[in-house]
Amino acid sequence: MDRSRAGVRETYERIGTHFSKTREYAWPEVESFVADAPEGGTALDIGCGNGRHAALLADAADRVVGLDASRALLSAAAERVGDRAALALGDAARLPLADDRIDLAVYVATLHHLPSAADRRASLDELARVLSPDGRALVSVWSTAHDRFDAPEDAETGFDTTVDWTLPGGETVPRFYHIYAPAEFRRTLNQSDLATVSFEVSSGNCYAVVRSEGKSP
């Protein structure tokens, strides 16, 4: 498969319509994060997919921006959120937003699709750039703690892999993932322009609440 950002976009253009139908509900961890956040301000959903979390953010924020690399998924998001969010085609490693504009962000199940460590680091630094001094974000990645992976509990590094998506009719489409070891994800966050507020592993995913390092709230 094409392990480039363009390749990832092409994958989700191919599977987006079917993928969207399997992603109906917001994740409980995202619901809790948004429920605990101050209301108002501007919110961002990076890798918004079909808009399930953008819709949740729209209940809490004054303005919502949903960003995705897939036109197919953005089309599904538009049907779901209507004019409650501004949807944009874009690259998570180059956010089309000004500095310090985002008060609340969710970045779930997307970072691990970026095909290189440099892309993933750039994306985290971009998140730090757009967060306001008081802003907070929830970042999640798939981890070696998931029971589908045969990895030791104390693994220090993760690995690259592909996970097939099966379309109606039986065609399989490989999807790139970087599976993070929890310790590796902590290091990656520490090396970025983000500061970790809290960290947990839940249902095989790592979740970190982060803020922008160096910006005084």
# chains A, B, ... in the order shown; residues from 1 in each chain; ligands from 1
$ residues_around --residues "Val163 in chain A" --least-positions-apart "2" --cutoff "10 Å" --atoms "only C-alpha atoms" --output "ChimeraX atom specification"
/A:161,165-166,172-177
$ write_last_selection --atoms "all heavy atoms" --output "PDB file, in the first residue's frame"
ATOM      1  N   THR A 161       1.759  -1.211  11.135  1.00  0.00           N
ATOM      2  CA  THR A 161       1.031  -2.367  10.629  1.00  0.00           C
ATOM      3  C   THR A 161      -0.070  -1.885   9.689  1.00  0.00           C
ATOM      4  O   THR A 161      -0.266  -0.692   9.501  1.00  0.00           O
ATOM      5  CB  THR A 161       0.431  -3.188  11.796  1.00  0.00           C
ATOM      6  OG1 THR A 161      -0.080  -4.431  11.298  1.00  0.00           O
ATOM      7  CG2 THR A 161      -0.709  -2.442  12.488  1.00  0.00           C
ATOM      8  N   TRP A 165      -9.846  -3.188   5.928  1.00  0.00           N
ATOM      9  CA  TRP A 165     -11.262  -2.834   5.988  1.00  0.00           C
ATOM     10  C   TRP A 165     -11.967  -3.607   4.885  1.00  0.00           C
ATOM     11  O   TRP A 165     -11.528  -3.587   3.735  1.00  0.00           O
ATOM     12  CB  TRP A 165     -11.461  -1.335   5.769  1.00  0.00           C
ATOM     13  CG  TRP A 165     -12.898  -0.941   5.931  1.00  0.00           C
ATOM     14  CD1 TRP A 165     -13.846  -0.843   4.959  1.00  0.00           C
ATOM     15  CD2 TRP A 165     -13.559  -0.644   7.155  1.00  0.00           C
ATOM     16  NE1 TRP A 165     -15.054  -0.490   5.492  1.00  0.00           N
ATOM     17  CE2 TRP A 165     -14.914  -0.361   6.849  1.00  0.00           C
ATOM     18  CE3 TRP A 165     -13.129  -0.592   8.490  1.00  0.00           C
ATOM     19  CZ2 TRP A 165     -15.835  -0.029   7.830  1.00  0.00           C
ATOM     20  CZ3 TRP A 165     -14.055  -0.257   9.465  1.00  0.00           C
ATOM     21  CH2 TRP A 165     -15.395   0.022   9.132  1.00  0.00           C
ATOM     22  N   THR A 166     -13.050  -4.310   5.235  1.00  0.00           N
ATOM     23  CA  THR A 166     -13.768  -5.123   4.263  1.00  0.00           C
ATOM     24  C   THR A 166     -15.011  -4.389   3.788  1.00  0.00           C
ATOM     25  O   THR A 166     -15.906  -4.079   4.579  1.00  0.00           O
ATOM     26  CB  THR A 166     -14.159  -6.482   4.849  1.00  0.00           C
ATOM     27  OG1 THR A 166     -12.981  -7.153   5.315  1.00  0.00           O
ATOM     28  CG2 THR A 166     -14.843  -7.341   3.799  1.00  0.00           C
ATOM     29  N   THR A 172     -11.134  -6.071   0.260  1.00  0.00           N
ATOM     30  CA  THR A 172     -10.448  -5.585   1.453  1.00  0.00           C
ATOM     31  C   THR A 172      -9.506  -4.445   1.075  1.00  0.00           C
ATOM     32  O   THR A 172      -8.842  -4.489   0.033  1.00  0.00           O
ATOM     33  CB  THR A 172      -9.649  -6.703   2.140  1.00  0.00           C
ATOM     34  OG1 THR A 172      -8.701  -7.259   1.220  1.00  0.00           O
ATOM     35  CG2 THR A 172     -10.577  -7.796   2.635  1.00  0.00           C
ATOM     36  N   VAL A 173      -9.471  -3.451   1.921  1.00  0.00           N
ATOM     37  CA  VAL A 173      -8.622  -2.275   1.705  1.00  0.00           C
ATOM     38  C   VAL A 173      -7.713  -2.130   2.925  1.00  0.00           C
ATOM     39  O   VAL A 173      -8.213  -1.958   4.045  1.00  0.00           O
ATOM     40  CB  VAL A 173      -9.468  -0.997   1.525  1.00  0.00           C
ATOM     41  CG1 VAL A 173      -8.567   0.217   1.294  1.00  0.00           C
ATOM     42  CG2 VAL A 173     -10.454  -1.172   0.376  1.00  0.00           C
ATOM     43  N   PRO A 174      -6.400  -2.214   2.758  1.00  0.00           N
ATOM     44  CA  PRO A 174      -5.512  -2.084   3.915  1.00  0.00           C
ATOM     45  C   PRO A 174      -5.430  -0.647   4.401  1.00  0.00           C
ATOM     46  O   PRO A 174      -5.369   0.295   3.614  1.00  0.00           O
ATOM     47  CB  PRO A 174      -4.158  -2.568   3.368  1.00  0.00           C
ATOM     48  CG  PRO A 174      -4.230  -2.295   1.899  1.00  0.00           C
ATOM     49  CD  PRO A 174      -5.658  -2.480   1.510  1.00  0.00           C
ATOM     50  N   ARG A 175      -5.441  -0.483   5.711  1.00  0.00           N
ATOM     51  CA  ARG A 175      -5.316   0.832   6.334  1.00  0.00           C
ATOM     52  C   ARG A 175      -4.046   0.863   7.170  1.00  0.00           C
ATOM     53  O   ARG A 175      -3.803  -0.028   7.988  1.00  0.00           O
ATOM     54  CB  ARG A 175      -6.515   1.122   7.248  1.00  0.00           C
ATOM     55  CG  ARG A 175      -7.849   1.192   6.527  1.00  0.00           C
ATOM     56  CD  ARG A 175      -8.973   1.402   7.526  1.00  0.00           C
ATOM     57  NE  ARG A 175      -9.116   0.265   8.416  1.00  0.00           N
ATOM     58  CZ  ARG A 175      -9.684   0.325   9.619  1.00  0.00           C
ATOM     59  NH1 ARG A 175     -10.136   1.472  10.084  1.00  0.00           N
ATOM     60  NH2 ARG A 175      -9.792  -0.764  10.348  1.00  0.00           N
ATOM     61  N   PHE A 176      -3.248   1.897   6.990  1.00  0.00           N
ATOM     62  CA  PHE A 176      -2.011   2.027   7.761  1.00  0.00           C
ATOM     63  C   PHE A 176      -2.299   2.473   9.189  1.00  0.00           C
ATOM     64  O   PHE A 176      -3.122   3.354   9.424  1.00  0.00           O
ATOM     65  CB  PHE A 176      -1.068   3.048   7.110  1.00  0.00           C
ATOM     66  CG  PHE A 176       0.134   3.357   7.972  1.00  0.00           C
ATOM     67  CD1 PHE A 176       1.237   2.528   7.956  1.00  0.00           C
ATOM     68  CD2 PHE A 176       0.135   4.452   8.825  1.00  0.00           C
ATOM     69  CE1 PHE A 176       2.331   2.783   8.773  1.00  0.00           C
ATOM     70  CE2 PHE A 176       1.220   4.721   9.646  1.00  0.00           C
ATOM     71  CZ  PHE A 176       2.322   3.890   9.610  1.00  0.00           C
ATOM     72  N   TYR A 177      -1.588   1.858  10.130  1.00  0.00           N
ATOM     73  CA  TYR A 177      -1.613   2.276  11.532  1.00  0.00           C
ATOM     74  C   TYR A 177      -0.195   2.269  12.090  1.00  0.00           C
ATOM     75  O   TYR A 177       0.596   1.373  11.777  1.00  0.00           O
ATOM     76  CB  TYR A 177      -2.398   1.289  12.403  1.00  0.00           C
ATOM     77  CG  TYR A 177      -3.888   1.401  12.354  1.00  0.00           C
ATOM     78  CD1 TYR A 177      -4.620   0.814  11.323  1.00  0.00           C
ATOM     79  CD2 TYR A 177      -4.594   2.048  13.371  1.00  0.00           C
ATOM     80  CE1 TYR A 177      -5.995   0.886  11.299  1.00  0.00           C
ATOM     81  CE2 TYR A 177      -5.976   2.107  13.349  1.00  0.00           C
ATOM     82  CZ  TYR A 177      -6.669   1.531  12.317  1.00  0.00           C
ATOM     83  OH  TYR A 177      -8.036   1.604  12.298  1.00  0.00           O
TER      84      TYR A 177
END
$ select_by_dssp --residues "range 37-133 of chain A" --states "helix (DSSP H, G or I)" --output "compact mmCIF listing (two decimals) with all heavy atoms, in the first residue's frame"
# COMPACT_ATOMS: atom_id res chain seq x y z
N ARG A 52 -19.45 12.68 14.06
CA ARG A 52 -20.10 12.27 15.31
C ARG A 52 -19.58 13.05 16.51
O ARG A 52 -20.34 13.40 17.42
CB ARG A 52 -19.95 10.77 15.54
CG ARG A 52 -18.51 10.28 15.56
CD ARG A 52 -18.43 8.79 15.77
NE ARG A 52 -17.08 8.31 15.53
CZ ARG A 52 -16.60 7.18 16.02
NH1 ARG A 52 -17.38 6.42 16.78
NH2 ARG A 52 -15.38 6.80 15.75
N HIS A 53 -18.27 13.37 16.52
CA HIS A 53 -17.74 14.15 17.63
C HIS A 53 -17.89 15.65 17.39
O HIS A 53 -18.01 16.43 18.35
CB HIS A 53 -16.28 13.78 17.90
CG HIS A 53 -16.13 12.38 18.40
ND1 HIS A 53 -15.21 11.49 17.90
CD2 HIS A 53 -16.82 11.70 19.36
CE1 HIS A 53 -15.33 10.33 18.52
NE2 HIS A 53 -16.29 10.44 19.42
N ALA A 54 -17.91 16.08 16.14
CA ALA A 54 -18.19 17.48 15.84
C ALA A 54 -19.58 17.86 16.32
O ALA A 54 -19.81 18.96 16.85
CB ALA A 54 -18.04 17.76 14.35
N ALA A 55 -20.54 16.95 16.17
CA ALA A 55 -21.89 17.19 16.65
C ALA A 55 -21.91 17.34 18.16
O ALA A 55 -22.64 18.18 18.72
CB ALA A 55 -22.82 16.06 16.21
N LEU A 56 -21.12 16.53 18.84
CA LEU A 56 -21.02 16.63 20.30
C LEU A 56 -20.41 17.96 20.70
O LEU A 56 -20.90 18.64 21.63
CB LEU A 56 -20.16 15.47 20.81
CG LEU A 56 -19.97 15.33 22.31
CD1 LEU A 56 -21.28 14.96 22.99
CD2 LEU A 56 -18.91 14.27 22.61
N LEU A 57 -19.36 18.38 20.01
CA LEU A 57 -18.72 19.67 20.30
C LEU A 57 -19.68 20.83 20.07
O LEU A 57 -19.64 21.83 20.78
CB LEU A 57 -17.48 19.84 19.44
CG LEU A 57 -16.28 18.95 19.78
CD1 LEU A 57 -15.22 19.05 18.68
CD2 LEU A 57 -15.69 19.34 21.13
N ALA A 58 -20.54 20.69 19.07
CA ALA A 58 -21.48 21.77 18.74
C ALA A 58 -22.48 22.03 19.87
O ALA A 58 -23.05 23.12 19.95
CB ALA A 58 -22.22 21.44 17.44
N ARG A 71 -12.85 13.63 1.39
CA ARG A 71 -14.08 14.28 0.94
C ARG A 71 -15.29 13.40 1.21
O ARG A 71 -16.37 13.90 1.51
CB ARG A 71 -13.98 14.59 -0.56
CG ARG A 71 -13.06 15.75 -0.90
CD ARG A 71 -13.06 16.03 -2.40
NE ARG A 71 -12.31 17.23 -2.73
CZ ARG A 71 -11.01 17.27 -2.92
NH1 ARG A 71 -10.28 16.16 -2.82
NH2 ARG A 71 -10.42 18.41 -3.21
N ALA A 72 -15.12 12.09 1.09
CA ALA A 72 -16.24 11.18 1.33
C ALA A 72 -16.73 11.30 2.77
O ALA A 72 -17.95 11.33 3.03
CB ALA A 72 -15.82 9.74 1.03
N LEU A 73 -15.81 11.37 3.71
CA LEU A 73 -16.21 11.48 5.10
C LEU A 73 -16.76 12.87 5.41
O LEU A 73 -17.71 13.02 6.20
CB LEU A 73 -15.04 11.15 6.02
CG LEU A 73 -14.68 9.66 6.08
CD1 LEU A 73 -13.39 9.43 6.84
CD2 LEU A 73 -15.82 8.85 6.70
N LEU A 74 -16.19 13.90 4.82
CA LEU A 74 -16.73 15.24 5.03
C LEU A 74 -18.15 15.36 4.49
O LEU A 74 -18.97 16.07 5.06
CB LEU A 74 -15.82 16.28 4.37
CG LEU A 74 -14.50 16.55 5.08
CD1 LEU A 74 -13.64 17.48 4.24
CD2 LEU A 74 -14.73 17.15 6.47
N SER A 75 -18.44 14.68 3.41
CA SER A 75 -19.80 14.68 2.88
C SER A 75 -20.77 14.07 3.89
O SER A 75 -21.87 14.59 4.12
CB SER A 75 -19.85 13.90 1.56
OG SER A 75 -21.17 13.84 1.06
N ALA A 76 -20.34 12.97 4.52
CA ALA A 76 -21.18 12.35 5.55
C ALA A 76 -21.32 13.27 6.76
O ALA A 76 -22.40 13.37 7.35
CB ALA A 76 -20.57 11.01 5.97
N ALA A 77 -20.23 13.97 7.10
CA ALA A 77 -20.28 14.90 8.24
C ALA A 77 -21.24 16.04 7.95
O ALA A 77 -21.97 16.49 8.84
CB ALA A 77 -18.89 15.42 8.55
N ALA A 78 -21.24 16.54 6.71
CA ALA A 78 -22.13 17.65 6.36
C ALA A 78 -23.58 17.25 6.53
O ALA A 78 -24.42 18.05 6.98
CB ALA A 78 -21.86 18.09 4.92
N GLU A 79 -23.92 16.01 6.19
CA GLU A 79 -25.29 15.54 6.36
C GLU A 79 -25.65 15.45 7.84
O GLU A 79 -26.80 15.68 8.22
CB GLU A 79 -25.45 14.17 5.71
CG GLU A 79 -25.37 14.18 4.18
CD GLU A 79 -25.62 12.82 3.59
OE1 GLU A 79 -26.02 11.90 4.35
OE2 GLU A 79 -25.43 12.65 2.38
N ARG A 80 -24.66 15.15 8.65
CA ARG A 80 -24.92 14.94 10.08
C ARG A 80 -25.00 16.25 10.85
O ARG A 80 -25.90 16.43 11.69
CB ARG A 80 -23.84 14.06 10.68
CG ARG A 80 -24.06 13.71 12.13
CD ARG A 80 -23.13 12.61 12.56
NE ARG A 80 -23.49 12.10 13.87
CZ ARG A 80 -23.35 10.85 14.25
NH1 ARG A 80 -22.89 9.96 13.40
NH2 ARG A 80 -23.68 10.47 15.45
N VAL A 81 -24.08 17.16 10.62
CA VAL A 81 -24.00 18.36 11.46
C VAL A 81 -24.60 19.59 10.81
O VAL A 81 -24.83 20.61 11.48
CB VAL A 81 -22.54 18.65 11.88
CG1 VAL A 81 -21.95 17.48 12.62
CG2 VAL A 81 -21.68 19.02 10.67
N GLY A 82 -24.86 19.55 9.50
CA GLY A 82 -25.45 20.70 8.83
C GLY A 82 -24.61 21.95 9.03
O GLY A 82 -23.39 21.93 8.86
N ASP A 83 -25.27 23.04 9.42
CA ASP A 83 -24.55 24.29 9.60
C ASP A 83 -24.06 24.49 11.03
O ASP A 83 -23.66 25.60 11.41
CB ASP A 83 -25.43 25.47 9.18
CG ASP A 83 -26.71 25.58 10.00
OD1 ASP A 83 -26.91 24.75 10.92
OD2 ASP A 83 -27.51 26.49 9.72
N ARG A 84 -24.07 23.43 11.84
CA ARG A 84 -23.60 23.54 13.22
C ARG A 84 -22.08 23.51 13.31
O ARG A 84 -21.50 23.78 14.37
CB ARG A 84 -24.18 22.41 14.06
CG ARG A 84 -25.71 22.40 14.10
CD ARG A 84 -26.21 21.22 14.89
NE ARG A 84 -25.95 21.39 16.31
CZ ARG A 84 -25.71 20.38 17.14
NH1 ARG A 84 -25.65 19.14 16.69
NH2 ARG A 84 -25.50 20.61 18.43
N LEU A 111 -4.31 10.34 14.61
CA LEU A 111 -2.85 10.51 14.64
C LEU A 111 -2.14 9.24 14.21
O LEU A 111 -1.14 9.29 13.47
CB LEU A 111 -2.41 10.92 16.04
CG LEU A 111 -0.91 11.11 16.23
CD1 LEU A 111 -0.41 12.33 15.47
CD2 LEU A 111 -0.58 11.23 17.73
N HIS A 112 -2.65 8.08 14.62
CA HIS A 112 -1.97 6.82 14.32
C HIS A 112 -2.03 6.43 12.84
O HIS A 112 -1.37 5.49 12.43
CB HIS A 112 -2.51 5.67 15.19
CG HIS A 112 -3.99 5.52 15.19
ND1 HIS A 112 -4.69 5.16 16.32
CD2 HIS A 112 -4.93 5.68 14.20
CE1 HIS A 112 -5.97 5.08 16.04
NE2 HIS A 112 -6.13 5.38 14.76
N HIS A 113 -2.81 7.16 12.05
CA HIS A 113 -2.85 6.90 10.60
C HIS A 113 -1.77 7.69 9.84
O HIS A 113 -1.54 7.39 8.66
CB HIS A 113 -4.21 7.26 10.02
CG HIS A 113 -5.32 6.32 10.42
ND1 HIS A 113 -5.23 4.95 10.24
CD2 HIS A 113 -6.53 6.55 10.99
CE1 HIS A 113 -6.35 4.39 10.68
NE2 HIS A 113 -7.14 5.34 11.14
N ALA A 117 6.90 9.16 11.67
CA ALA A 117 7.07 9.81 12.96
C ALA A 117 7.15 11.32 12.80
O ALA A 117 6.65 12.08 13.64
CB ALA A 117 8.31 9.27 13.65
N ALA A 118 7.77 11.77 11.70
CA ALA A 118 7.88 13.21 11.45
C ALA A 118 6.51 13.84 11.23
O ALA A 118 6.22 14.93 11.73
CB ALA A 118 8.79 13.47 10.26
N ASP A 119 5.64 13.15 10.47
CA ASP A 119 4.28 13.64 10.26
C ASP A 119 3.52 13.73 11.57
O ASP A 119 2.81 14.71 11.84
CB ASP A 119 3.51 12.70 9.33
CG ASP A 119 4.00 12.73 7.90
OD1 ASP A 119 4.54 13.77 7.48
OD2 ASP A 119 3.83 11.72 7.20
N ARG A 120 3.67 12.70 12.40
CA ARG A 120 2.93 12.67 13.66
C ARG A 120 3.43 13.76 14.61
O ARG A 120 2.63 14.43 15.27
CB ARG A 120 3.04 11.27 14.30
CG ARG A 120 2.37 10.18 13.45
CD ARG A 120 2.29 8.86 14.16
NE ARG A 120 3.57 8.20 14.32
CZ ARG A 120 4.12 7.37 13.42
NH1 ARG A 120 3.50 7.13 12.27
NH2 ARG A 120 5.28 6.79 13.66
N ARG A 121 4.72 13.97 14.66
CA ARG A 121 5.27 15.05 15.50
C ARG A 121 4.81 16.40 14.98
O ARG A 121 4.40 17.28 15.76
CB ARG A 121 6.80 14.97 15.49
CG ARG A 121 7.51 16.18 16.08
CD ARG A 121 7.23 16.36 17.56
NE ARG A 121 7.85 17.59 18.05
CZ ARG A 121 9.10 17.68 18.48
NH1 ARG A 121 9.89 16.61 18.49
NH2 ARG A 121 9.58 18.83 18.91
N ALA A 122 4.85 16.61 13.66
CA ALA A 122 4.40 17.88 13.09
C ALA A 122 2.94 18.14 13.43
O ALA A 122 2.54 19.27 13.72
CB ALA A 122 4.61 17.88 11.58
N SER A 123 2.14 17.08 13.41
CA SER A 123 0.71 17.23 13.70
C SER A 123 0.48 17.64 15.14
O SER A 123 -0.35 18.51 15.43
CB SER A 123 0.00 15.91 13.39
OG SER A 123 -1.38 16.03 13.59
N LEU A 124 1.20 17.05 16.07
CA LEU A 124 1.07 17.43 17.48
C LEU A 124 1.54 18.86 17.71
O LEU A 124 0.92 19.62 18.47
CB LEU A 124 1.85 16.45 18.35
CG LEU A 124 1.31 15.02 18.39
CD1 LEU A 124 2.27 14.12 19.13
CD2 LEU A 124 -0.08 14.96 19.02
N ASP A 125 2.62 19.25 17.03
CA ASP A 125 3.09 20.64 17.16
C ASP A 125 2.08 21.62 16.56
O ASP A 125 1.90 22.73 17.08
CB ASP A 125 4.44 20.80 16.46
CG ASP A 125 5.57 20.11 17.21
OD1 ASP A 125 5.38 19.75 18.38
OD2 ASP A 125 6.66 19.95 16.62
N GLU A 126 1.41 21.22 15.49
CA GLU A 126 0.37 22.06 14.91
C GLU A 126 -0.81 22.22 15.87
O GLU A 126 -1.38 23.31 16.00
CB GLU A 126 -0.13 21.46 13.59
CG GLU A 126 0.76 21.76 12.41
CD GLU A 126 0.58 23.22 11.98
OE1 GLU A 126 -0.31 23.51 11.17
OE2 GLU A 126 1.33 24.07 12.51
N LEU A 127 -1.17 21.15 16.55
CA LEU A 127 -2.22 21.24 17.55
C LEU A 127 -1.83 22.23 18.64
O LEU A 127 -2.64 23.08 19.06
CB LEU A 127 -2.51 19.86 18.14
CG LEU A 127 -3.50 19.80 19.30
CD1 LEU A 127 -4.86 20.36 18.90
CD2 LEU A 127 -3.63 18.37 19.81
N ALA A 128 -0.59 22.15 19.10
CA ALA A 128 -0.10 23.09 20.11
C ALA A 128 -0.16 24.53 19.61
O ALA A 128 -0.52 25.45 20.35
CB ALA A 128 1.32 22.73 20.51
N ARG A 129 0.16 24.72 18.35
CA ARG A 129 0.17 26.07 17.78
C ARG A 129 -1.22 26.70 17.79
O ARG A 129 -1.36 27.89 18.09
CB ARG A 129 0.71 26.01 16.34
CG ARG A 129 0.73 27.36 15.63
CD ARG A 129 1.20 27.23 14.20
NE ARG A 129 0.30 26.45 13.36
CZ ARG A 129 -0.83 26.92 12.82
NH1 ARG A 129 -1.24 28.16 13.07
NH2 ARG A 129 -1.57 26.14 12.05
N VAL A 130 -2.24 25.93 17.45
CA VAL A 130 -3.58 26.52 17.31
C VAL A 130 -4.34 26.59 18.63
O VAL A 130 -5.33 27.32 18.72
CB VAL A 130 -4.43 25.77 16.25
CG1 VAL A 130 -3.71 25.77 14.90
CG2 VAL A 130 -4.77 24.35 16.69
$ atom_distance --atom1 "CA of Gly51 in chain A" --atom2 "CA of Ile179 in chain A"
23.9 Å
$ closest_atom_pairs --of "range 25-69 of chain A" --to "range 135-148 of chain A" --cutoff "10 Å" --atoms "only C-alpha atoms" --output "Markdown table"
| residue | atom | partner | partner_atom | distance |
| --- | --- | --- | --- | --- |
| A:Glu29 | CA | A:Leu138 | CA | 9.0 |
| A:Val30 | CA | A:Leu138 | CA | 7.5 |
| A:Phe33 | CA | A:Leu138 | CA | 7.2 |
| A:Val34 | CA | A:Leu138 | CA | 9.1 |
| A:Ala37 | CA | A:Arg136 | CA | 8.3 |
| A:Pro38 | CA | A:Gly135 | CA | 9.9 |
| A:Gly41 | CA | A:Gly135 | CA | 9.5 |
| A:Thr42 | CA | A:Gly135 | CA | 9.5 |
| A:Ala43 | CA | A:Gly135 | CA | 9.3 |
| A:Leu44 | CA | A:Ala137 | CA | 8.8 |
| A:Asp45 | CA | A:Ala137 | CA | 9.5 |
| A:Ile46 | CA | A:Val139 | CA | 9.5 |
$ closest_residue --among "A:Asp164, A:Asp62, A:Glu24, A:Asp91" --to "Glu39 in chain A" --atoms "only C-alpha atoms"
A:Asp62
$ residues_around --residues "Leu87 in chain A" --least-positions-apart "6" --cutoff "7 Å" --atoms "only C-alpha atoms" --output "CSV table (one decimal) with N, CA, C and O atoms, in the first residue's frame"
chain,number,residue,atom,x,y,z
A,65,VAL,N,-15.1,23.7,14.2
A,65,VAL,CA,-14.4,23.4,12.9
A,65,VAL,C,-14.2,21.9,12.9
A,65,VAL,O,-13.6,21.4,13.8
A,66,GLY,N,-14.6,21.2,11.8
A,66,GLY,CA,-14.3,19.8,11.6
A,66,GLY,C,-13.3,19.7,10.4
A,66,GLY,O,-13.6,20.2,9.4
A,67,LEU,N,-12.2,19.0,10.6
A,67,LEU,CA,-11.2,18.9,9.6
A,67,LEU,C,-11.0,17.4,9.3
A,67,LEU,O,-10.9,16.6,10.2
A,74,LEU,N,-16.2,13.9,4.8
A,74,LEU,CA,-16.7,15.2,5.0
A,74,LEU,C,-18.1,15.4,4.5
A,74,LEU,O,-19.0,16.1,5.1
$ closest_residue --among "A:Asp68, A:Val209, A:Ala181, A:Ser116" --to "Leu95 in chain A" --atoms "only C-alpha atoms"
A:Asp68
$ select_by_dssp --residues "range 78-171 of chain A" --states "strand (DSSP E or B)" --output "MDAnalysis selection string"
chainID A and resid 86:89 91 94 102:107 131:143 159:166
$ write_last_selection --atoms "N, CA and C atoms" --output "CSV table (one decimal), in the first residue's frame"
chain,number,residue,atom,x,y,z
A,86,ALA,N,-18.3,24.2,10.8
A,86,ALA,CA,-17.6,24.6,9.5
A,86,ALA,C,-16.7,23.4,9.2
A,87,LEU,N,-16.9,22.8,8.1
A,87,LEU,CA,-16.1,21.6,7.7
A,87,LEU,C,-15.0,22.0,6.7
A,88,ALA,N,-13.8,21.4,6.9
A,88,ALA,CA,-12.7,21.8,6.0
A,88,ALA,C,-11.9,20.6,5.6
A,89,LEU,N,-11.6,20.5,4.3
A,89,LEU,CA,-10.7,19.5,3.8
A,89,LEU,C,-9.3,19.9,4.1
A,91,ASP,N,-5.1,18.7,6.1
A,91,ASP,CA,-4.0,17.8,6.5
A,91,ASP,C,-3.8,18.1,8.0
A,94,ARG,N,-0.7,20.0,8.8
A,94,ARG,CA,-0.6,21.4,8.4
A,94,ARG,C,-2.0,22.0,8.6
A,102,ILE,N,-8.0,28.0,19.2
A,102,ILE,CA,-8.9,26.9,19.5
A,102,ILE,C,-8.9,26.7,21.1
A,103,ASP,N,-10.1,26.6,21.6
A,103,ASP,CA,-10.3,26.5,23.0
A,103,ASP,C,-10.5,25.1,23.5
A,104,LEU,N,-11.0,24.2,22.6
A,104,LEU,CA,-11.3,22.9,22.9
A,104,LEU,C,-11.1,22.0,21.6
A,105,ALA,N,-10.4,20.9,21.7
A,105,ALA,CA,-10.1,20.1,20.5
A,105,ALA,C,-10.2,18.6,20.9
A,106,VAL,N,-10.7,17.8,19.9
A,106,VAL,CA,-10.6,16.4,20.0
A,106,VAL,C,-9.8,15.9,18.8
A,107,TYR,N,-8.9,15.0,19.0
A,107,TYR,CA,-8.0,14.5,18.0
A,107,TYR,C,-8.0,13.0,18.2
A,131,LEU,N,-3.9,25.9,19.7
A,131,LEU,CA,-4.6,25.9,20.9
A,131,LEU,C,-4.4,27.3,21.6
A,132,SER,N,-5.4,27.8,22.2
A,132,SER,CA,-5.3,29.0,23.0
A,132,SER,C,-4.6,28.8,24.3
A,133,PRO,N,-4.2,29.8,25.0
A,133,PRO,CA,-3.5,29.6,26.3
A,133,PRO,C,-4.3,28.8,27.3
A,134,ASP,N,-5.6,28.9,27.2
A,134,ASP,CA,-6.5,28.1,28.1
A,134,ASP,C,-7.0,26.8,27.5
A,135,GLY,N,-6.6,26.6,26.2
A,135,GLY,CA,-7.2,25.5,25.4
A,135,GLY,C,-6.7,24.1,25.9
A,136,ARG,N,-7.6,23.2,25.7
A,136,ARG,CA,-7.3,21.8,26.1
A,136,ARG,C,-7.7,20.9,24.9
A,137,ALA,N,-7.0,19.8,24.7
A,137,ALA,CA,-7.3,18.8,23.7
A,137,ALA,C,-7.3,17.4,24.2
A,138,LEU,N,-8.1,16.6,23.6
A,138,LEU,CA,-8.0,15.1,23.9
A,138,LEU,C,-7.4,14.4,22.7
A,139,VAL,N,-6.3,13.8,22.9
A,139,VAL,CA,-5.7,13.0,21.8
A,139,VAL,C,-5.7,11.5,22.1
A,140,SER,N,-6.1,10.7,21.1
A,140,SER,CA,-6.1,9.3,21.4
A,140,SER,C,-5.4,8.6,20.2
A,141,VAL,N,-4.8,7.4,20.6
A,141,VAL,CA,-4.2,6.5,19.6
A,141,VAL,C,-4.4,5.1,20.0
A,142,TRP,N,-4.4,4.2,19.0
A,142,TRP,CA,-4.5,2.8,19.3
A,142,TRP,C,-3.2,2.4,19.8
A,143,SER,N,-3.2,1.4,20.8
A,143,SER,CA,-2.0,1.1,21.5
A,143,SER,C,-1.8,-0.4,21.6
A,159,PHE,N,4.8,-0.2,16.8
A,159,PHE,CA,5.1,-0.8,15.5
A,159,PHE,C,4.1,-0.3,14.4
A,160,ASP,N,4.6,-0.4,13.2
A,160,ASP,CA,3.7,-0.1,12.0
A,160,ASP,C,3.0,-1.3,11.6
A,161,THR,N,1.8,-1.2,11.1
A,161,THR,CA,1.0,-2.4,10.6
A,161,THR,C,-0.1,-1.9,9.7
A,162,THR,N,-0.8,-2.8,9.1
A,162,THR,CA,-2.0,-2.5,8.3
A,162,THR,C,-3.1,-3.3,8.9
A,163,VAL,N,-4.3,-2.8,8.9
A,163,VAL,CA,-5.5,-3.4,9.3
A,163,VAL,C,-6.5,-3.3,8.1
A,164,ASP,N,-7.0,-4.5,7.7
A,164,ASP,CA,-7.9,-4.5,6.5
A,164,ASP,C,-9.3,-4.0,6.9
A,165,TRP,N,-9.8,-3.2,5.9
A,165,TRP,CA,-11.3,-2.8,6.0
A,165,TRP,C,-12.0,-3.6,4.9
A,166,THR,N,-13.0,-4.3,5.2
A,166,THR,CA,-13.8,-5.1,4.3
A,166,THR,C,-15.0,-4.4,3.8
$ closest_residue --among "A:Thr110, A:Ser212, A:Thr11, A:Ser202" --to "Leu189 in chain A" --atoms "only C-alpha atoms"
A:Ser212
$ atom_distance --atom1 "CA of Leu194 in chain A" --atom2 "CA of Glu156 in chain A"
20.3 Å
$ atom_distance --atom1 "CA of Arg211 in chain A" --atom2 "CA of Pro96 in chain A"
19.0 Å
$ closest_residue --among "A:Ile15, A:Cys48, A:Val8, A:Ala61" --to "Glu171 in chain A" --atoms "only C-alpha atoms"
A:Ile15
